[in-house]
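Just my_file.txt here, compact mmCIF, C-alpha atoms:
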# COMPACT_ATOMS: atom_id res chain seq x y z
CA MET A 1 52.42 59.95 22.65
CA ASN A 2 52.72 62.14 19.58
CA LYS A 3 52.91 59.08 17.38
CA ASN A 4 49.60 57.80 18.76
CA VAL A 5 47.84 61.10 18.06
CA GLU A 6 49.33 61.02 14.56
CA ARG A 7 47.88 57.47 14.07
CA LEU A 8 44.41 58.70 15.09
CA GLN A 9 44.61 61.66 12.69
CA ASN A 10 45.93 59.41 9.96
CA GLY A 11 42.97 57.03 10.25
CA ILE A 12 40.23 59.61 10.64
CA ILE A 13 41.37 62.24 8.13
CA LYS A 14 44.50 61.63 6.09
CA GLU A 15 43.87 58.01 5.10
CA ASN A 16 40.14 57.81 5.84
CA PRO A 17 39.18 54.28 4.75
CA THR A 18 35.83 55.31 3.22
CA PHE A 19 36.62 58.62 1.54
CA VAL A 20 40.33 58.37 0.69
CA LEU A 21 41.34 54.70 0.54
CA MET A 22 37.87 53.53 -0.61
CA LEU A 23 38.09 50.24 1.28
CA GLY A 24 35.27 48.06 2.55
CA MET A 25 32.71 49.13 -0.02
CA CYS A 26 30.38 46.11 0.35
CA PRO A 27 29.26 46.96 3.91
CA THR A 28 29.38 50.67 3.08
CA LEU A 29 26.70 50.23 0.43
CA ALA A 30 24.68 47.61 2.23
CA VAL A 31 24.17 49.00 5.73
CA THR A 32 23.97 52.75 5.23
CA THR A 33 20.19 52.80 4.76
CA SER A 34 20.03 54.91 7.91
CA ALA A 35 22.53 56.86 10.02
CA MET A 36 21.90 54.52 12.96
CA ASN A 37 22.80 51.38 10.98
CA GLY A 38 25.90 53.09 9.60
CA LEU A 39 26.99 54.08 13.10
CA GLY A 40 26.33 50.58 14.48
CA MET A 41 28.24 48.88 11.68
CA GLY A 42 31.10 51.38 11.99
CA LEU A 43 31.44 50.86 15.74
CA SER A 44 31.28 47.06 15.43
CA THR A 45 34.03 47.19 12.81
CA THR A 46 36.05 49.52 15.08
CA VAL A 47 35.89 47.04 17.96
CA VAL A 48 36.97 44.17 15.69
CA LEU A 49 39.75 46.29 14.23
CA VAL A 50 41.13 47.42 17.60
CA VAL A 51 41.09 43.95 19.16
CA SER A 52 42.51 42.26 16.05
CA ASN A 53 45.30 44.85 15.77
CA LEU A 54 46.05 44.31 19.48
CA VAL A 55 46.19 40.50 19.23
CA ILE A 56 48.08 40.41 15.94
CA SER A 57 50.60 42.96 17.18
CA LEU A 58 51.15 40.90 20.36
CA LEU A 59 51.65 37.73 18.32
CA ARG A 60 53.65 39.35 15.52
CA ASN A 61 56.92 37.66 16.51
CA ILE A 62 55.30 34.25 17.14
CA ILE A 63 53.26 33.76 13.93
CA PRO A 64 55.50 32.28 11.22
CA ASP A 65 55.59 34.43 8.12
CA ARG A 66 54.46 31.66 5.77
CA VAL A 67 51.14 31.05 7.51
CA ARG A 68 50.44 34.61 8.63
CA VAL A 69 47.38 35.25 6.43
CA PRO A 70 45.45 32.12 7.51
CA ALA A 71 46.46 32.90 11.11
CA PHE A 72 45.14 36.47 10.78
CA ILE A 73 41.88 35.18 9.30
CA VAL A 74 41.33 32.81 12.23
CA ILE A 75 42.04 35.59 14.75
CA VAL A 76 39.72 38.04 12.99
CA ALA A 77 36.96 35.44 12.56
CA SER A 78 37.07 34.60 16.29
CA ILE A 79 36.80 38.26 17.25
CA VAL A 80 33.94 38.81 14.81
CA THR A 81 32.09 35.83 16.29
CA MET A 82 32.44 37.33 19.78
CA VAL A 83 31.24 40.75 18.59
CA GLN A 84 28.30 39.03 16.90
CA PHE A 85 27.25 37.41 20.19
CA LEU A 86 27.63 40.69 22.11
CA LEU A 87 25.40 42.49 19.59
CA GLN A 88 22.87 39.65 19.63
CA GLY A 89 22.74 39.79 23.41
CA TYR A 90 22.74 43.53 24.08
CA VAL A 91 21.40 45.28 20.95
CA PRO A 92 19.14 42.72 19.26
CA SER A 93 17.44 45.39 17.10
CA LEU A 94 20.77 46.44 15.54
CA TYR A 95 21.74 42.77 15.24
CA SER A 96 18.65 41.97 13.20
CA SER A 97 18.91 45.03 10.96
CA LEU A 98 22.61 44.41 10.14
CA GLY A 99 21.99 40.68 9.72
CA ILE A 100 24.45 38.80 7.54
CA TYR A 101 26.79 41.80 7.26
CA ILE A 102 28.10 41.28 10.82
CA PRO A 103 29.80 37.92 10.12
CA LEU A 104 30.92 39.38 6.79
CA ILE A 105 33.14 41.86 8.71
CA VAL A 106 35.67 38.99 8.45
CA VAL A 107 36.16 39.62 4.74
CA ASN A 108 36.25 43.41 5.12
CA CYS A 109 39.40 44.60 3.35
CA ILE A 110 40.17 47.20 6.04
CA ILE A 111 40.74 44.66 8.81
CA LEU A 112 43.16 42.32 7.04
CA GLY A 113 44.71 45.31 5.28
CA ARG A 114 45.62 46.97 8.59
CA ALA A 115 46.76 43.66 10.09
CA GLU A 116 49.03 43.03 7.14
CA SER A 117 50.36 46.54 6.61
CA TYR A 118 50.53 47.91 10.17
CA ALA A 119 49.82 45.65 13.15
CA SER A 120 52.11 42.83 12.04
CA LYS A 121 55.07 45.21 11.87
CA ASN A 122 54.55 47.63 14.77
CA PRO A 123 54.44 47.57 18.59
CA VAL A 124 51.20 47.11 20.50
CA VAL A 125 50.28 50.66 21.55
CA PRO A 126 50.59 52.34 18.11
CA SER A 127 48.75 49.37 16.56
CA VAL A 128 45.82 49.85 18.93
CA PHE A 129 45.71 53.56 18.14
CA ASP A 130 45.92 52.75 14.44
CA GLY A 131 42.90 50.47 14.88
CA ILE A 132 40.98 53.18 16.77
CA GLY A 133 41.83 55.81 14.12
CA MET A 134 40.94 53.64 11.14
CA GLY A 135 37.80 52.36 12.86
CA LEU A 136 36.57 55.86 13.73
CA GLY A 137 37.37 57.01 10.20
CA PHE A 138 35.23 54.16 8.83
CA THR A 139 32.46 54.95 11.35
CA LEU A 140 32.53 58.61 10.31
CA GLY A 141 32.28 57.65 6.63
CA LEU A 142 29.40 55.21 7.15
CA THR A 143 27.49 57.61 9.41
CA LEU A 144 27.80 60.53 6.97
CA ILE A 145 26.66 58.39 4.02
CA GLY A 146 23.85 57.05 6.21
CA ILE A 147 22.76 60.60 7.12
CA VAL A 148 22.69 61.67 3.44
CA ARG A 149 20.65 58.63 2.43
CA GLU A 150 18.28 58.96 5.39
CA ILE A 151 17.61 62.68 4.76
CA LEU A 152 16.95 62.18 1.04
CA GLY A 153 15.06 58.92 1.46
CA ALA A 154 12.94 59.62 4.53
CA GLY A 155 13.58 63.21 5.65
CA GLN A 156 15.00 61.93 8.93
CA ILE A 157 18.32 61.87 10.81
CA PHE A 158 18.83 59.06 13.35
CA GLY A 159 15.10 58.39 13.12
CA ALA A 160 14.10 61.99 14.03
CA GLN A 161 11.99 63.82 11.44
CA VAL A 162 14.01 66.89 10.35
CA LEU A 163 12.17 67.71 7.14
CA PRO A 164 8.38 67.99 7.62
CA LEU A 165 6.66 65.63 5.19
CA ALA A 166 4.15 66.81 2.61
CA ASP A 167 0.62 65.51 2.98
CA ALA A 168 -1.50 65.57 -0.16
CA SER A 169 -4.81 64.90 1.63
CA THR A 170 -4.57 67.98 3.89
CA GLY A 171 -2.67 70.05 1.33
CA LYS A 172 0.25 70.50 3.74
CA ILE A 173 3.40 71.69 2.00
CA GLY A 174 6.57 69.80 2.85
CA TYR A 175 9.19 67.32 1.72
CA THR A 176 8.28 64.30 -0.40
CA PRO A 177 10.82 61.57 0.42
CA ILE A 178 12.73 60.08 -2.50
CA THR A 179 12.29 56.54 -1.23
CA ILE A 180 14.76 55.09 -3.72
CA PHE A 181 17.65 56.50 -1.67
CA VAL A 182 17.02 54.09 1.19
CA LEU A 183 16.69 51.20 -1.29
CA ALA A 184 19.50 49.40 -3.11
CA PRO A 185 19.80 51.70 -6.19
CA GLY A 186 20.20 54.77 -3.98
CA ALA A 187 23.33 53.27 -2.43
CA PHE A 188 24.98 53.10 -5.85
CA PHE A 189 23.95 56.67 -6.74
CA VAL A 190 25.20 58.15 -3.46
CA LEU A 191 28.51 56.31 -3.77
CA ALA A 192 28.86 57.40 -7.42
CA VAL A 193 28.45 61.05 -6.42
CA LEU A 194 30.92 60.54 -3.55
CA VAL A 195 33.51 59.04 -5.91
CA ALA A 196 32.99 61.93 -8.36
CA ILE A 197 33.46 64.49 -5.56
CA MET A 198 36.61 62.71 -4.40
CA ASN A 199 37.92 62.74 -7.99
CA VAL A 200 37.58 66.53 -8.01
CA VAL A 201 39.22 66.85 -4.56
CA ARG A 202 42.04 64.58 -5.69
CA ALA A 203 42.64 66.61 -8.86
CA LYS A 204 42.72 69.86 -6.81
CA ALA A 205 45.11 68.40 -4.24
CA GLU A 206 47.38 67.21 -7.01
CA ALA A 207 47.37 70.63 -8.67
CA LYS A 208 48.48 72.10 -5.33
CA GLY A 209 51.32 69.59 -5.21
CA LYS A 210 49.95 67.71 -2.17
CA PRO A 211 48.45 64.53 -3.67
CA LEU A 212 46.15 62.37 -1.53
CA PRO A 213 47.07 58.72 -0.84
CA ALA A 214 45.81 56.54 -3.71
CA ALA A 215 42.56 54.62 -3.44
CA GLN A 216 43.27 50.96 -2.72
CA GLY A 217 39.98 49.11 -2.81
CA CYS A 218 37.96 47.64 -5.63
CA LEU A 219 37.03 51.14 -6.80
CA ALA A 220 40.64 51.80 -7.77
CA GLY A 221 39.56 50.09 -10.98
CA ASP A 222 41.26 46.75 -10.67
CA CYS A 223 39.93 43.91 -8.60
CA SER A 224 43.35 42.38 -8.20
CA SER A 225 44.50 45.37 -6.17
CA CYS A 226 42.13 44.17 -3.48
CA GLY A 227 43.14 40.55 -3.82
CA MET A 228 46.84 41.14 -4.06
CA SER A 229 48.00 43.88 -1.77
CA SER A 230 45.75 44.35 1.17
CA CYS A 231 43.52 41.33 1.35
CA THR A 232 43.54 37.63 1.86
CA GLY A 233 43.08 36.09 -1.56
CA LYS A 234 46.24 36.57 -3.50
CA SER A 235 48.67 36.43 -0.62
CA SER A 236 47.12 33.31 0.89
CA THR A 237 47.18 31.75 -2.56
CA VAL A 238 50.88 32.42 -2.81
CA GLU A 239 51.43 31.06 0.71
CA VAL A 240 49.76 27.75 0.02
CA LYS A 241 50.94 27.33 -3.53
CA ALA A 242 54.65 27.78 -2.83
CA PRO A 243 55.48 24.32 -1.38
CA GLU A 244 53.59 22.57 -4.18
CA GLU A 245 55.65 24.33 -6.82
CA ASP A 246 58.83 23.36 -4.99
CA LYS A 247 57.95 19.72 -5.50
CA GLU A 248 57.55 20.17 -9.23
CA MET B 1 10.00 20.86 -6.87
CA LYS B 2 8.10 24.14 -6.88
CA GLU B 3 9.95 25.15 -3.71
CA LEU B 4 13.32 24.57 -5.38
CA LEU B 5 12.31 26.57 -8.45
CA LEU B 6 11.23 29.44 -6.19
CA ILE B 7 14.59 29.38 -4.39
CA LEU B 8 16.41 29.39 -7.74
CA VAL B 9 14.50 32.37 -9.16
CA ALA B 10 14.58 34.26 -5.86
CA SER B 11 18.34 33.93 -5.43
CA ALA B 12 19.21 34.55 -9.09
CA ILE B 13 16.98 37.48 -9.99
CA VAL B 14 14.79 38.85 -7.21
CA ASN B 15 17.50 39.08 -4.52
CA ASN B 16 20.33 39.58 -6.98
CA VAL B 17 23.56 39.13 -5.09
CA VAL B 18 25.30 42.22 -6.48
CA LEU B 19 22.50 44.63 -7.19
CA SER B 20 20.35 44.15 -4.12
CA GLN B 21 22.68 42.58 -1.54
CA PHE B 22 25.98 44.28 -2.48
CA LEU B 23 28.04 41.11 -2.16
CA GLY B 24 30.84 40.45 -4.62
CA LEU B 25 31.14 44.10 -5.63
CA CYS B 26 34.92 43.88 -6.10
CA PRO B 27 34.89 41.56 -9.14
CA PHE B 28 31.69 43.24 -10.35
CA LEU B 29 33.50 46.58 -10.64
CA GLY B 30 36.98 45.22 -11.38
CA VAL B 31 36.47 42.45 -13.95
CA SER B 32 33.59 43.95 -15.95
CA LYS B 33 35.52 45.76 -18.66
CA ARG B 34 35.00 43.12 -21.39
CA VAL B 35 32.19 40.65 -21.96
CA GLU B 36 34.53 37.65 -22.42
CA THR B 37 36.42 38.17 -19.16
CA ALA B 38 33.16 38.91 -17.34
CA ALA B 39 31.69 35.64 -18.61
CA GLY B 40 34.86 33.78 -17.54
CA MET B 41 34.63 35.27 -14.05
CA GLY B 42 30.93 34.35 -13.94
CA GLY B 43 31.75 30.76 -14.88
CA ALA B 44 34.38 30.51 -12.15
CA VAL B 45 31.97 31.97 -9.59
CA ILE B 46 29.21 29.51 -10.57
CA PHE B 47 31.67 26.64 -10.17
CA VAL B 48 33.07 27.72 -6.81
CA ILE B 49 29.86 28.92 -5.13
CA THR B 50 27.94 25.77 -6.07
CA ILE B 51 30.66 23.49 -4.69
CA SER B 52 31.25 25.62 -1.61
CA SER B 53 27.54 25.77 -0.70
CA PHE B 54 27.44 21.97 -0.96
CA VAL B 55 30.53 21.47 1.20
CA THR B 56 29.68 24.09 3.82
CA SER B 57 26.13 22.82 4.24
CA LEU B 58 27.46 19.25 4.58
CA ILE B 59 29.86 20.42 7.28
CA TYR B 60 27.16 22.35 9.06
CA LYS B 61 24.64 19.49 8.90
CA PHE B 62 26.93 16.63 9.92
CA ILE B 63 29.69 18.19 12.04
CA LEU B 64 28.87 21.61 13.48
CA PHE B 65 25.16 21.22 14.25
CA PRO B 66 25.20 17.72 15.85
CA LEU B 67 28.15 18.71 18.06
CA GLY B 68 26.52 21.99 19.10
CA LEU B 69 29.37 23.95 17.55
CA ASP B 70 27.26 26.10 15.24
CA TYR B 71 28.72 29.28 16.77
CA LEU B 72 31.99 28.39 15.02
CA GLN B 73 30.36 28.65 11.59
CA THR B 74 32.06 31.90 10.49
CA ILE B 75 35.55 30.63 11.35
CA VAL B 76 35.02 27.19 9.86
CA PHE B 77 33.33 28.45 6.68
CA ILE B 78 36.02 30.99 5.81
CA LEU B 79 38.79 28.43 6.25
CA VAL B 80 36.88 25.77 4.32
CA ILE B 81 36.23 28.19 1.45
CA ALA B 82 39.88 29.30 1.28
CA ALA B 83 41.08 25.69 1.28
CA LEU B 84 38.40 24.65 -1.20
CA VAL B 85 39.39 27.28 -3.76
CA GLN B 86 43.00 26.09 -3.52
CA PHE B 87 41.92 22.51 -3.91
CA VAL B 88 39.63 23.22 -6.88
CA GLU B 89 42.46 25.10 -8.57
CA MET B 90 44.93 22.25 -8.11
CA PHE B 91 42.38 19.64 -9.17
CA LEU B 92 41.43 21.52 -12.32
CA ARG B 93 45.06 22.11 -13.26
CA LYS B 94 45.87 18.40 -13.03
CA SER B 95 42.65 16.83 -14.30
CA VAL B 96 40.70 19.23 -16.50
CA PRO B 97 43.31 21.52 -18.09
CA SER B 98 40.84 22.91 -20.65
CA LEU B 99 38.52 24.18 -17.91
CA TYR B 100 41.53 25.39 -15.94
CA ASN B 101 42.71 27.46 -18.90
CA ALA B 102 39.29 29.09 -19.15
CA LEU B 103 38.71 29.79 -15.45
CA GLY B 104 42.13 29.49 -13.80
CA VAL B 105 43.04 33.17 -13.73
CA TYR B 106 39.84 34.07 -11.91
CA LEU B 107 39.92 31.37 -9.24
CA PRO B 108 42.40 33.04 -6.83
CA LEU B 109 40.36 36.24 -6.98
CA ILE B 110 37.30 34.41 -5.71
CA THR B 111 38.59 33.72 -2.19
CA THR B 112 38.17 37.39 -1.38
CA ASN B 113 34.72 37.44 -2.90
CA CYS B 114 32.40 38.01 0.03
CA ALA B 115 29.54 36.47 -1.96
CA VAL B 116 30.96 32.97 -1.33
CA LEU B 117 30.94 33.38 2.45
CA GLY B 118 27.67 35.31 2.22
CA VAL B 119 25.86 32.43 0.48
CA ALA B 120 27.21 29.87 2.95
CA LEU B 121 25.96 31.94 5.89
CA LYS B 122 22.63 32.69 4.19
CA ASN B 123 21.99 28.97 3.69
CA VAL B 124 22.37 28.42 7.43
CA THR B 125 20.26 31.45 8.41
CA ASN B 126 17.44 30.37 6.09
CA GLY B 127 17.60 26.79 7.38
CA TYR B 128 18.02 25.26 3.92
CA ASN B 129 18.74 21.54 3.60
CA ILE B 130 21.64 20.33 1.47
CA LEU B 131 19.79 20.23 -1.87
CA GLU B 132 18.21 23.64 -1.24
CA SER B 133 21.63 25.07 -0.30
CA VAL B 134 23.16 23.87 -3.55
CA ILE B 135 20.25 25.32 -5.55
CA CYS B 136 20.51 28.62 -3.66
CA GLY B 137 24.28 28.77 -4.28
CA PHE B 138 23.87 27.94 -7.95
CA GLY B 139 21.09 30.53 -8.35
CA THR B 140 23.09 33.23 -6.58
CA ALA B 141 26.07 32.59 -8.86
CA ILE B 142 23.83 32.66 -11.94
CA GLY B 143 22.51 36.03 -10.74
CA PHE B 144 26.08 37.27 -10.35
CA THR B 145 26.95 36.10 -13.88
CA ILE B 146 23.87 37.74 -15.39
CA SER B 147 24.60 41.09 -13.78
CA ILE B 148 28.37 41.12 -14.49
CA VAL B 149 27.87 40.16 -18.16
CA ILE B 150 25.20 42.84 -18.65
CA MET B 151 27.45 45.37 -16.91
CA ALA B 152 30.39 44.45 -19.17
CA GLY B 153 28.19 44.86 -22.25
CA ILE B 154 27.13 48.33 -21.11
CA ARG B 155 30.71 49.30 -20.22
CA GLU B 156 31.97 48.36 -23.68
CA LYS B 157 29.49 50.92 -25.08
CA ILE B 158 30.25 53.54 -22.41
CA GLU B 159 33.87 53.60 -23.67
CA TYR B 160 32.70 55.57 -26.72
CA ASN B 161 30.68 58.13 -24.78
CA ASP B 162 31.63 61.60 -23.63
CA ILE B 163 31.51 61.45 -19.82
CA PRO B 164 31.93 64.51 -17.54
CA GLY B 165 35.46 64.54 -16.09
CA PRO B 166 34.80 63.73 -12.42
CA PHE B 167 32.51 60.83 -13.36
CA LYS B 168 35.14 59.07 -15.49
CA GLY B 169 36.23 55.68 -14.23
CA SER B 170 34.39 53.98 -11.39
CA ALA B 171 31.83 56.76 -10.76
CA ILE B 172 30.00 56.22 -14.06
CA VAL B 173 30.11 52.45 -13.45
CA LEU B 174 28.38 52.99 -10.12
CA VAL B 175 25.69 55.15 -11.75
CA THR B 176 25.17 52.35 -14.29
CA ALA B 177 24.95 49.82 -11.47
CA GLY B 178 22.33 52.02 -9.80
CA LEU B 179 20.23 52.08 -12.97
CA MET B 180 20.58 48.29 -13.30
CA ALA B 181 19.51 47.94 -9.67
CA ILE B 182 16.35 49.93 -10.47
CA ALA B 183 15.64 47.60 -13.39
CA PHE B 184 16.15 44.51 -11.21
CA PHE B 185 13.87 46.10 -8.63
CA GLY B 186 11.05 45.44 -11.07
CA PHE B 187 11.41 41.71 -10.43
CA SER B 188 10.64 42.06 -6.74
CA GLY B 189 6.92 41.60 -7.39
CA ILE B 190 7.12 38.16 -8.99
CA ILE B 191 7.54 36.15 -5.79

Starting from the coordinates I provided, produce the structure as structure tokens.
Amino acid sequence: MNKNVERLQNGIIKENPTFVLMLGMCPTLAVTTSAMNGLGMGLSTTVVLVVSNLVISLLRNIIPDRVRVPAFIVIVASIVTMVQFLLQGYVPSLYSSLGIYIPLIVVNCIILGRAESYASKNPVVPSVFDGIGMGLGFTLGLTLIGIVREILGAGQIFGAQVLPLADASTGKIGYTPITIFVLAPGAFFVLAVLVAIMNVVRAKAEAKGKPLPAAQGCLAGDCSSCGMSSCTGKSSTVEVKAPEEDKE
Amino acid sequence: MKELLLILVASAIVNNVVLSQFLGLCPFLGVSKRVETAAGMGGAVIFVITISSFVTSLIYKFILFPLGLDYLQTIVFILVIAALVQFVEMFLRKSVPSLYNALGVYLPLITTNCAVLGVALKNVTNGYNILESVICGFGTAIGFTISIVIMAGIREKIEYNDIPGPFKGSAIVLVTAGLMAIAFFGFSGII
């Protein structure tokens, strides 16, 4: 039981995918225009992550090592398609505001990264808890970024007005929303500040002798880190290329 | 004709794939240190996205849609794209070595590029026919190339600047991307 609690803590705090590992930045930037969208995207990703970890962990001894990445992609894509239909059926408003980013959960680095580095090597129960922990960590990250952008950009949290708006015609004093924060450029600025803050936190942790786990995603500075270690591209390339090189 | 031109401009500049839709951020941040490599990556992306939008829209039009299997699009598209990149790489290596030498290094990185899957899905959502899909794919990739080359040019200059400690590395690149996104926002009025 202790191991499962440790998995949850690991995902939510120690190796938080948004703040510490910096994975899955495309959806992070795209859907955090409001706290609600961030929460919806985070929970959808959590469901996909938990189910894919469960299935992959169950099949870990059956899937041949050579074709594991394509097999993982098919499993994840099927689960994402099911989640897409559930959202379309039960929460159509969220479905339309997340749009194309729901099917794009398939190429989210977190999912294949966890399948490759945890679920394919560990028993079912810890894998499920790992999925829950990582998923909730991602949800937490998206929701917090969403809240920051929504407050600055509209003075609201989850659609509720928390900062009274200024009204020039009646002379009412209040908050003038910085609309750019709910638009595309604001996403880059918020993430830039987040990365800068994490750089400071990292430097402090290192000075104390307790360094944080390294960032893994595209923001680690090198695109190949994403393609090679955690994601599909490089490893699937190697998989498919190997037999051809044997022939030569 | 006018329709096609509109699709081209809209997908290349107005709805820029990186700066307004956040697809393909990984190569945008990772391969934008030098103008030459950025241009090489852009060339590879143009090549792959144009071909993959053609192939995926063919598959959708003639296999998935007539058989009522359009709910399988995500699964089919991702597998087709992964196989296609492999195939293009092998074909180029055997038949057009000069092009392979220029683009080869970047091709494996493109499978993970969510822009490729994103364009394929967008073509279906927007109900484009095959020609429109190819134009949309080509335009999107042109937009990617424009933004990554500009970004690389700016980053080469940033190297010489004195940047506050915490903002060194990817943070300052993100600020730059934000400023570029504001500039591209100016195009949103033209269509």

Shell of 6 Å around segment 188-205 of chain A, all atoms listed in the file, local chain residues under 3 positions omitted, as a list in words: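 Result of the neighbour search: Pro185, Lys208, Lys210 and Pro211 of chain A; Pro166, Phe167, Ala171, Leu174, Val175 and Gly178 of chain B.
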
Where does chain B meet chain A within 7 Å, residue by residue, with the nearest atom pair and distance in Å to one decimal for each, counting all atoms listed in the file, listed by chain and rising number, as a Markdown table?
| residue | atom | partner | partner_atom | distance |
| --- | --- | --- | --- | --- |
| B:Leu19 | CA | A:Ala184 | CA | 7.0 |
| B:Ser20 | CA | A:Ala184 | CA | 5.4 |
| B:Gln21 | CA | A:Ala30 | CA | 6.6 |
| B:Phe22 | CA | A:Cys26 | CA | 5.5 |
| B:Leu23 | CA | A:Cys26 | CA | 6.1 |
| B:Leu25 | CA | A:Cys26 | CA | 6.4 |
| B:Cys26 | CA | A:Cys218 | CA | 4.9 |
| B:Pro27 | CA | A:Cys223 | CA | 5.6 |
| B:Leu29 | CA | A:Cys218 | CA | 6.8 |
| B:Gly30 | CA | A:Cys223 | CA | 4.3 |
| B:Val31 | CA | A:Cys223 | CA | 6.5 |
| B:Thr74 | CA | A:Ala77 | CA | 6.4 |
| B:Ile75 | CA | A:Ala77 | CA | 5.2 |
| B:Pro108 | CA | A:Gly233 | CA | 6.1 |
| B:Leu109 | CA | A:Gly227 | CA | 6.0 |
| B:Thr111 | CA | A:Gly233 | CA | 5.1 |
| B:Thr112 | CA | A:Gly233 | CA | 5.1 |
| B:Cys114 | CA | A:Val107 | CA | 6.2 |
| B:Gly118 | CA | A:Leu104 | CA | 6.9 |
| B:Pro166 | CA | A:Ala196 | CA | 4.8 |
| B:Phe167 | CA | A:Ala196 | CA | 5.1 |
| B:Ser170 | CA | A:Leu219 | CA | 6.0 |
| B:Ala171 | CA | A:Ala192 | CA | 4.5 |
| B:Ile172 | CA | A:Ala192 | CA | 6.8 |
| B:Leu174 | CA | A:Ala192 | CA | 5.2 |
| B:Val175 | CA | A:Phe189 | CA | 5.5 |
| B:Ala177 | CA | A:Phe188 | CA | 6.5 |
| B:Gly178 | CA | A:Pro185 | CA | 4.4 |
| B:Leu179 | CA | A:Pro185 | CA | 6.8 |
| B:Ala181 | CA | A:Pro185 | CA | 5.1 |
| B:Ile182 | CA | A:Pro185 | CA | 5.8 |

Contact residues around Ser53 of chain B with only C-alpha atoms at 9 Å, ignoring same-chain residues under 2 positions, as a list in words: Val48, Ile49, Thr50, Ile51, Val55, Thr56, Ser57, Leu58, Val116, Leu117, Val119, Ala120, Asn123, Ile130, Ser133, Val134, Ile135, Cys136, Gly137 and Phe138 of chain B

Ile190 of chain B environment, 12 Å, all atoms listed in the file, sequence neighbours closer than 5 positions dropped, as a ChimeraX atom specification: /B:6,9-10,13-15,184-185

Interatomic distance, atom CA of Ala160 of chain A to atom CA of Pro177 of chain A (Å, one decimal):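 A separation of 14.0 Å between them.
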
Residue neighbourhood Ala38 of chain B, 9 Å, all atoms listed in the file, exclusion window fewer than 2 positions, as a list in words: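 Near neighbours after the sequence-gap exclusion: Pro27, Phe28, Val31, Ser32, Lys33, Arg34, Val35, Glu36, Gly40, Met41, Gly42, Gly43, Thr145, Ile148, Val149, Ile150, Met151 and Ala152 of chain B.
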
Distance of atom CA of Val85 of chain B from atom CA of Ala44 of chain B, expressed in Å to one decimal place: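 According to the coordinates, atom CA of Ala44 of chain B and atom CA of Val85 of chain B are separated by 10.3 Å.
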
Straight-line distance linking atom CA of Ala71 of chain A with atom CA of Phe77 of chain B, stated in Å to one decimal: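 These two atoms are separated by 14.6 Å.
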
Using all atoms listed in the file: which of B:Asn113, B:Ser52, B:Thr176, B:Asn101 has the shortest distance to Ile158 of chain B: B:Thr176

Spatial neighbours of Gln161 of chain A, 12 Å, all atoms listed in the file, chain gap at least 6 places, as a PyMOL selection string: chain A and resi 150-155+174-175+177

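Residue nearest Leu103 of chain B within the list B:Val88, B:Arg155, B:Gly127, B:Phe187: B:Val88 [criterion: smallest interatomic distance, only C-alpha atoms].
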
Pick from A:Leu94, A:Ala119, A:Leu212, A:Leu142 nearest to Arg60 of chain A, counting only C-alpha atoms: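 Result for the nearest residue to Arg60 of chain A: A:Ala119.
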